[in-house]
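The structure appears below as C-alpha cells.
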Amino acid sequence: MSMSPTLQSTEQGQTYQNFIAGEWRNSKSGATFSSTNPANTDEIVGYFQKSTIADLDEAVAAARQAQPGWAATPAPERGEILLRTALLLEQQREELATLMTREMGKVIKETRGDIQTAIDVAKFIAGEGRRAEGETIPSALNNKFCLTIRQPLGVVGIITPWNFPLAIPAWKTLPALLAGNAVILKPASDTPLLSLKMAQILHEAGLPAGVLNVITGPGGVLGDALASHKGVNMISLTGSTEVGRHVAEICGRDLRRCTLELGGKNAVIVLEDADLDLAVENVAWGAFGTSGQRCTATSRVIVHKAVQQAFTDRLAAAAEKLNIGNGLDPKVDMGPLVNKGRVKAVHEYTQVGQMEGATLVTGGSPLSDGEYSPGAFYKPTIFTDVSPNMRIAREEVFGPFVSILPISSYEEAVQVANSTEYGLSTSIFTNDLRTTFRAMRDIEAGLVYFNASTTGAEIHLPFGGMKASGNGHRELGTHAVEEFSETKSVFLSYPPAHK
Ligand code: UN1
C-alpha cells in the first residue's frame, strides 16, 4: 500500500487528508479547515479536510466492504496487529506527544501520558485476541450443551473529543477492531491530527484497507450523519452531555446501539480528619491539570467547615504557584485552554459565580498580556462559600475552575456530592475506615477514589459514569471488547436417536 507523504513531516501548515479505504483522500468538498496551536493561535498546526456526507458515504462503503474479511481473520491475528501498533506508538511517543501539545495545549508530561494510555490499551486489547470469546454454561435439560459466542456488530462510528486526542480514539477504536468490526472515526475538529496518525500506524502494523477510516470535519453535520447512517451499526461517543442526548435521540429512532461517555461535576470531599496537604496536592492536580479540561476534572471541593479556611488558603497558594505557559516547556505546569472560545466560556462562569454571591479566592480572569497574548490562557480560578444550588456548583465548566462548598458532616457531604445531575468521579479524603466503606456504598459515581484525585483512571478497570455522565455503559476494563460485540447464546441438543 502506498502511503502519502502528507503525514511524514510536521511542517507548519501542511494539509492532511482523510483516510478512507486504505488511501489518503481529499474531501469532495475541496475545502479544508485549520487547526491552530492554543499556546499561540497564529501558529497553524495543519489544514484538515472539511468533509461532507459524500465523504462519509465513501467511508461507510469502504468499511462495509472490508468488514466481513476482517471478521473472518482469526482474533489472535487481529490482536497481533494491535500489539505491533503498541510497539510503533512506543517508538514514536516523543514525536507524537510534541505534536499533541502543539495541537491541544496540555503540557508535554500529560501528552506523554495520553500516548502511554494508547500504548497500554493496545497491549491490553491485543491479548484479548487470545482469550476465549464466550462461556460454556450448563443446560437445564438433559443431553443439551449451552454456550455463548461473541460476534462483531459490523461498522462502528466513533466520535471523540479534543481533550485526549489519542487516548480516547485508541480506547474506543482498538477494542472495536479487536471485536472484528470496521470503524469510522470522526475526531474533534480542534485535534484531528493524532487520529490520522493512529490510522497511519495501524496500517503500518498491518490493518487491512477499509477496516479503519478516519474523516475530519464539522461535528454537527458529520456526527448527525454518522449517527443516522443506515450502514452504521453502533455509535460510541465521548463528549458533552448535551451532544450525548442529541446523538442518543438519533440512534434511538433506529434502535442503534449507542454508548456514551459524557460530562461530570466531579467532587473531592475533604473531611475533618483528612491529610490536608495530600488533599491540596491532589485537588490542584485534579482541577488544574489539563487546564481542567477532563470529564474527570475536580470541579467541586466539598470541605468540612473545620478545615475550610486552612484548605482554601493552601489550595490558593498552590494555584498561584503554578507556572503557566506553552506546554512544550518542561517547566510549565499548566498550558492554555484548547481555544479562545473556551476562555470566553470559562470567564462567563467567573461572572456567574460573582453574580451568585460566591467568593472569588484567586484567578478569575484570562491571561492575555505579553507572551500570553496570542494564546488561550486562563488563570487557575477558585471560588469559595459556594452553595449547592449555584450554577457554579452544578454545571460543568471544563476549565481551570473549582468551587469550594462548606459542609458540617459526612452525611451532608454525601448529599451535596450526589446532588448534581452527573455521576462520573468522586474522591474522598479521610483516614477513617468506616467512612471509607460507607462512602464506597453511598457515592453516586462510576469512579470512586480515596485519598487521591478524581482523575487518573487505569485502563484495565471499567471506566464510565452514572446518571447524566453516560448511558449506563462502561469502557475499558476486562470487558472492553463486549461493548463492541453482539453476544449469541447457542443451545445444542443431542438427544438419543428416535429409533
Ligand atoms: C476524559 O476526560 O474524557 O482518569 C477521560 C482520567 C483520564 C481519563 C479522562 N484517564 O482523568
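Simple scheme: letters A, B, ... for chains in C-alpha cells order, numbers from 1 for residues in each chain, numbers from 1 for ligands in the order shown.
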
Contacts of A:Gly69 at 10 Å (only C-alpha atoms; same-chain gap of 3+ positions) as a PyMOL selection string: chain A and resi 64-66+72-73+180+182+208+211

Write a file of the selected residues as a short mmCIF file (atom, residue, chain, number, x, y, z; two decimals), in the first residue's frame, keeping C-alpha atoms.
```
data_model
loop_
_atom_site.label_atom_id
_atom_site.label_comp_id
_atom_site.auth_asym_id
_atom_site.auth_seq_id
_atom_site.Cartn_x
_atom_site.Cartn_y
_atom_site.Cartn_z
CA ARG A 64 -18.84 -2.36 4.86
CA GLN A 65 -16.73 -3.89 2.14
CA ALA A 66 -13.75 -4.58 4.38
CA ALA A 72 -13.06 -13.74 9.27
CA THR A 73 -9.47 -13.01 10.33
CA GLY A 180 -14.00 -7.75 14.34
CA ALA A 182 -14.79 -1.95 10.85
CA PRO A 208 -6.22 -4.14 6.03
CA VAL A 211 -11.14 -1.57 8.27
#
```

Picked from stretch 453-496 of chain A by DSSP as strand (DSSP E or B), as a list in words: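 Selecting the strand (DSSP E or B) positions of stretch 453-496 of chain A gives Pro462, Phe463, Met466, Lys467, Gly470, Glu475, Leu476, Ser485, Glu486, Thr487, Lys488, Ser489, Val490, Phe491, Leu492 and Ser493 of chain A.
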
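Using only C-alpha atoms and all ligand atoms, residues with at least one atom at most 7 Å away from any atom of ligand 1 are Asn163, Phe164, Thr238, Gln293, Arg294, Cys295, Thr296, Ala297, Thr454, Thr455, Gly456, Ala457 and Glu458 of chain A.
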
Would you mind exporting the chosen residues as a short mmCIF file (atom, residue, chain, number, x, y, z; two decimals), in the first residue's frame, restricted to C-alpha atoms?
```
data_model
loop_
_atom_site.label_atom_id
_atom_site.label_comp_id
_atom_site.auth_asym_id
_atom_site.auth_seq_id
_atom_site.Cartn_x
_atom_site.Cartn_y
_atom_site.Cartn_z
CA ASN A 163 -9.09 16.68 25.41
CA PHE A 164 -7.48 13.25 24.99
CA THR A 238 -17.29 10.81 24.30
CA GLN A 293 -10.45 20.10 30.61
CA ARG A 294 -11.14 16.50 31.56
CA CYS A 295 -14.51 14.87 32.06
CA THR A 296 -12.99 13.63 35.33
CA ALA A 297 -11.60 17.04 36.41
CA THR A 454 -10.75 12.43 40.69
CA THR A 455 -8.60 11.81 37.59
CA GLY A 456 -6.17 9.03 36.88
CA ALA A 457 -8.31 6.09 35.81
CA GLU A 458 -6.43 2.88 34.95
#
```

Spatial neighbours of A:Thr52, 9 Å, only C-alpha atoms, chain gap at least 2 places, as an MDAnalysis selection string: chainID A and resid 27:29 50 54:57 217:218 221:222

Expected answer as a list in words: helix (DSSP H, G or I) residues in stretch 166-214 of chain A: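 Answer for stretch 166-214 of chain A, restricted to helix (DSSP H, G or I): Ala167, Ile168, Pro169, Ala170, Trp171, Lys172, Thr173, Leu174, Pro175, Ala176, Leu177, Leu178, Leu193, Leu194, Ser195, Leu196, Lys197, Met198, Ala199, Gln200, Ile201, Leu202, His203 and Glu204 of chain A.
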
Atom CA of A:Gly129 to atom CA of A:Glu80, straight-line distance in Å: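 So the two atoms, atom CA of A:Glu80 and atom CA of A:Gly129, lie 8.0 Å apart.
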